[in-house]
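Listing of structure_28.cif, mmCIF, C-alpha atoms
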```
data_run
#
loop_
_atom_site.label_atom_id
_atom_site.label_comp_id
_atom_site.auth_asym_id
_atom_site.auth_seq_id
_atom_site.Cartn_x
_atom_site.Cartn_y
_atom_site.Cartn_z
CA MET A 23 -74.11 -51.97 -64.16
CA ALA A 24 -75.52 -52.78 -60.75
CA ILE A 25 -73.00 -52.14 -57.99
CA LYS A 26 -73.10 -53.20 -54.36
CA ILE A 27 -70.65 -51.64 -51.89
CA GLU A 28 -69.83 -53.63 -48.78
CA GLN A 29 -67.28 -53.74 -46.01
CA LEU A 30 -65.02 -56.73 -46.46
CA ASN A 31 -65.10 -59.03 -43.43
CA LYS A 32 -63.29 -62.17 -44.56
CA ILE A 33 -60.53 -63.12 -46.97
CA SER A 34 -60.40 -66.06 -49.34
CA GLN A 35 -57.67 -67.03 -51.79
CA LYS A 36 -59.90 -65.73 -54.59
CA THR A 37 -60.19 -62.37 -52.80
CA VAL A 38 -56.39 -62.22 -52.39
CA SER A 39 -55.98 -62.88 -56.12
CA ILE A 40 -58.43 -60.10 -57.01
CA PHE A 41 -56.71 -57.66 -54.65
CA LYS A 42 -53.34 -58.41 -56.24
CA LYS A 43 -54.76 -57.53 -59.66
CA LEU A 44 -56.43 -54.35 -58.41
CA ILE A 45 -53.40 -53.09 -56.48
CA PHE A 46 -51.17 -53.84 -59.47
CA GLN A 47 -53.45 -51.60 -61.58
CA LEU A 48 -53.14 -48.90 -58.94
CA ASP A 49 -49.35 -49.05 -58.74
CA PRO A 50 -47.25 -51.84 -60.31
CA ALA A 51 -44.24 -50.80 -58.20
CA VAL A 52 -45.73 -51.55 -54.76
CA PRO A 53 -45.62 -54.93 -53.04
CA LEU A 54 -48.81 -56.87 -53.69
CA PRO A 55 -50.98 -57.87 -50.75
CA ASN A 56 -51.03 -61.44 -49.54
CA ASP A 57 -53.37 -63.46 -47.35
CA TYR A 58 -51.57 -62.51 -44.13
CA HIS A 59 -51.50 -58.80 -45.03
CA LEU A 60 -55.21 -58.61 -45.85
CA LYS A 61 -56.21 -60.57 -42.73
CA LYS A 62 -54.17 -58.16 -40.57
CA ILE A 63 -56.01 -55.24 -42.18
CA LEU A 64 -59.38 -56.82 -41.43
CA SER A 65 -58.40 -57.49 -37.82
CA SER A 66 -57.51 -53.85 -37.19
CA PRO A 67 -60.21 -51.82 -35.42
CA SER A 68 -59.05 -48.65 -37.20
CA ILE A 69 -58.88 -49.84 -40.82
CA PHE A 70 -61.97 -50.46 -42.92
CA LEU A 71 -61.70 -52.18 -46.28
CA PHE A 72 -64.62 -51.75 -48.68
CA ILE A 73 -65.25 -53.48 -51.97
CA ALA A 74 -67.51 -52.83 -54.93
CA ARG A 75 -69.23 -55.84 -56.46
CA ASP A 76 -70.85 -55.91 -59.88
CA THR A 77 -74.07 -57.81 -59.26
CA LYS A 78 -74.57 -58.36 -63.00
CA LEU A 79 -71.19 -60.14 -63.17
CA TYR A 80 -71.95 -62.71 -60.45
CA ASN A 81 -70.85 -60.35 -57.65
CA LYS A 82 -67.37 -59.96 -59.09
CA ILE A 83 -65.19 -57.54 -57.08
CA VAL A 84 -64.47 -54.58 -59.37
CA GLY A 85 -63.10 -52.00 -56.94
CA THR A 86 -61.81 -51.29 -53.48
CA ILE A 87 -61.10 -48.45 -51.07
CA THR A 88 -59.50 -48.34 -47.64
CA LEU A 89 -60.46 -46.02 -44.80
CA VAL A 90 -57.88 -45.50 -42.05
CA LEU A 91 -58.87 -43.77 -38.81
CA TYR A 92 -56.41 -42.61 -36.19
CA LEU A 93 -56.59 -40.63 -33.00
CA THR A 94 -54.17 -37.84 -32.11
CA PRO A 95 -54.33 -35.07 -29.50
CA THR A 96 -56.16 -32.96 -32.10
CA GLY A 97 -58.95 -35.47 -32.67
CA ILE A 98 -60.03 -38.30 -34.90
CA HIS A 99 -58.50 -38.15 -38.36
CA ALA A 100 -59.43 -40.16 -41.44
CA GLN A 101 -57.43 -41.04 -44.50
CA ILE A 102 -58.53 -42.61 -47.77
CA GLU A 103 -56.03 -45.06 -49.20
CA ASP A 104 -55.81 -47.36 -52.19
CA LEU A 105 -58.93 -46.44 -54.15
CA VAL A 106 -58.86 -48.48 -57.31
CA VAL A 107 -61.48 -49.60 -59.82
CA GLU A 108 -60.79 -52.33 -62.34
CA LYS A 109 -59.89 -50.80 -65.71
CA LYS A 110 -62.86 -52.36 -67.56
CA SER A 111 -65.29 -51.03 -64.94
CA ARG A 112 -64.14 -47.41 -64.78
CA ARG A 113 -66.26 -44.37 -65.67
CA LYS A 114 -69.40 -46.03 -64.33
CA GLY A 115 -69.70 -44.33 -60.93
CA ILE A 116 -67.97 -47.06 -58.91
CA GLY A 117 -65.21 -44.81 -57.57
CA ARG A 118 -67.82 -42.21 -56.61
CA ALA A 119 -69.89 -44.83 -54.77
CA LEU A 120 -66.82 -46.12 -52.91
CA VAL A 121 -65.76 -42.63 -51.82
CA LYS A 122 -69.29 -41.70 -50.69
CA THR A 123 -69.44 -44.90 -48.62
CA VAL A 124 -66.17 -44.04 -46.90
CA LEU A 125 -67.26 -40.46 -46.29
CA ARG A 126 -70.39 -41.71 -44.51
CA LYS A 127 -68.37 -44.19 -42.45
CA ALA A 128 -65.80 -41.55 -41.41
CA GLN A 129 -68.55 -39.14 -40.43
CA MET A 130 -70.30 -41.87 -38.45
CA MET A 131 -67.00 -42.56 -36.65
CA LYS A 132 -66.82 -38.84 -35.70
CA ALA A 133 -63.74 -37.99 -37.78
CA ASN A 134 -62.80 -34.30 -37.87
CA HIS A 135 -61.92 -34.50 -41.54
CA ILE A 136 -60.81 -36.94 -44.20
CA ASP A 137 -57.67 -36.61 -46.30
CA LEU A 138 -56.42 -38.32 -49.40
CA SER A 139 -53.64 -37.83 -51.88
CA SER A 140 -53.71 -38.38 -55.60
CA ARG A 141 -51.05 -38.04 -58.21
CA PRO A 142 -51.60 -35.07 -60.56
CA PHE A 143 -51.62 -37.27 -63.69
CA ARG A 144 -54.71 -39.12 -62.38
CA LYS A 145 -56.93 -36.43 -63.87
CA GLU A 146 -60.24 -38.31 -63.62
CA ALA A 147 -59.64 -39.25 -59.99
CA ASN A 148 -58.71 -35.67 -59.10
CA ARG A 149 -61.82 -34.37 -60.88
CA LEU A 150 -63.95 -36.85 -58.89
CA TYR A 151 -62.52 -35.68 -55.57
CA TYR A 152 -63.17 -32.06 -56.47
CA GLN A 153 -66.77 -32.89 -57.52
CA LEU A 154 -67.34 -34.64 -54.19
CA GLY A 155 -66.27 -31.54 -52.24
CA PHE A 156 -62.62 -32.23 -51.46
CA LYS A 157 -60.40 -29.15 -51.45
CA LYS A 158 -56.79 -29.15 -52.55
CA ARG A 159 -54.56 -28.37 -49.59
CA HIS A 160 -51.50 -26.18 -49.82
CA THR A 161 -49.04 -28.26 -47.89
CA ASN A 162 -45.84 -30.12 -48.46
CA ILE A 163 -46.07 -33.87 -48.31
CA TYR A 164 -42.87 -35.59 -47.32
CA ARG A 165 -41.97 -39.25 -47.38
CA TYR A 166 -39.11 -41.08 -45.79
CA ARG A 167 -38.60 -44.47 -47.41
CA PHE A 168 -36.92 -47.16 -45.36
CA LEU A 169 -36.34 -49.33 -48.42
CA ASP A 170 -34.19 -46.58 -49.99
CA LYS A 171 -31.78 -46.70 -47.04
CA LYS A 172 -30.56 -50.25 -47.57
#
```
Would you kindly transcribe this structure into structure tokens?
Amino acid sequence: MAIKIEQLNKISQKTVSIFKKLIFQLDPAVPLPNDYHLKKILSSPSIFLFIARDTKLYNKIVGTITLVLYLTPTGIHAQIEDLVVEKKSRRKGIGRALVKTVLRKAQMMKANHIDLSSRPFRKEANRLYYQLGFKKRHTNIYRYRFLDKK
């Protein structure tokens, strides 16, 4: 498998369709992205959307990862979001290549650190993060859901 990682710069209807399939594989319970949503992401100066293309499958998009940067009084922070590789393309180094690309980008943007979260049952993903040098933090993660309040 020959993989090419690139930063996504434009959205087509085909790209939207592929993103819907990938995000559904990541979490079937979340709202799927649409054209407007993806274009807003691309227009943000602090969000970087990367894709993995399989060059042996006519440049088909087989994975994605999002890097979010934000500035606070304590510095530039980075967060990895929505890493997903198409089921048929997993265990071929695509996730590793996507994460390494984002690590380089965050370092280039002078981030202090980069965080991510992963559900414990995603054993392969958690093993990958450990292998790449991520350390498990001992912290509580809280979420307040606005949708639950209606």
request  = Please provide as a ChimeraX atom specification all residues within 12 Å of A:Thr123, with the sequence filter that same-chain residues fewer than 3 positions apart are discarded (counting only C-alpha atoms).
outcome  = /A:26-29,70-74,86-89,102,105,116-120,126-130,154
Selection dump of the PyMOL selection byres ((chain A and resi 56) around 12), as an NGL selection string = :A and (33-43 or 45 or 53-55 or 57-63)
task = Output the residue selection produced by the PyMOL selection byres ((chain A and resi 112) around 12) on the file above, formatted as a PyMOL selection string.
result = chain A and resi 23+47+74+76+84-85+105-111+113-119+146-147
task = Give me the result of the PyMOL selection byres ((chain A and resi 92-96) around 9) on this file, residue by residue, as a count of residues only.
result = 11
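The environment of A:Arg149 within 12 Å, counting all atoms listed in the file and disregarding residues fewer than 6 places along the same chain, consists of Arg113, Gly117, Arg118, Ser140, Arg141, Pro142, Phe143, Gly155, Phe156, Lys157 and Lys158 of chain A.
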inquiry  = Please report the interatomic distance between atom CA of A:Glu103 and atom CA of A:Leu138 in Å with one decimal.
reply    =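 If I compute the distance from atom CA of A:Glu103 to atom CA of A:Leu138, I get 6.8 Å.
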request  = In Å, rounded to a single decimal, give me how far atom CA of A:Leu64 is from atom CA of A:Lys32.
outcome  =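 Taking atom CA of A:Lys32 and atom CA of A:Leu64, their separation equals 7.3 Å.
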Give the centre and edge lengths of an axis-aligned box, in Å to one decimal, that holds all listed atoms of stretch 31-46 of chain A with 8 Å on each side, as AutoDock Vina command-line options.
```
--center_x -58.1 --center_y -60.1 --center_z -51.5 --size_x 29.9 --size_y 29.9 --size_z 32.2
```
ask   = Can you tell me how far atom CA of A:Ile25 sits from atom CA of A:Ile136, in Å to one decimal?
value = 23.9 Å
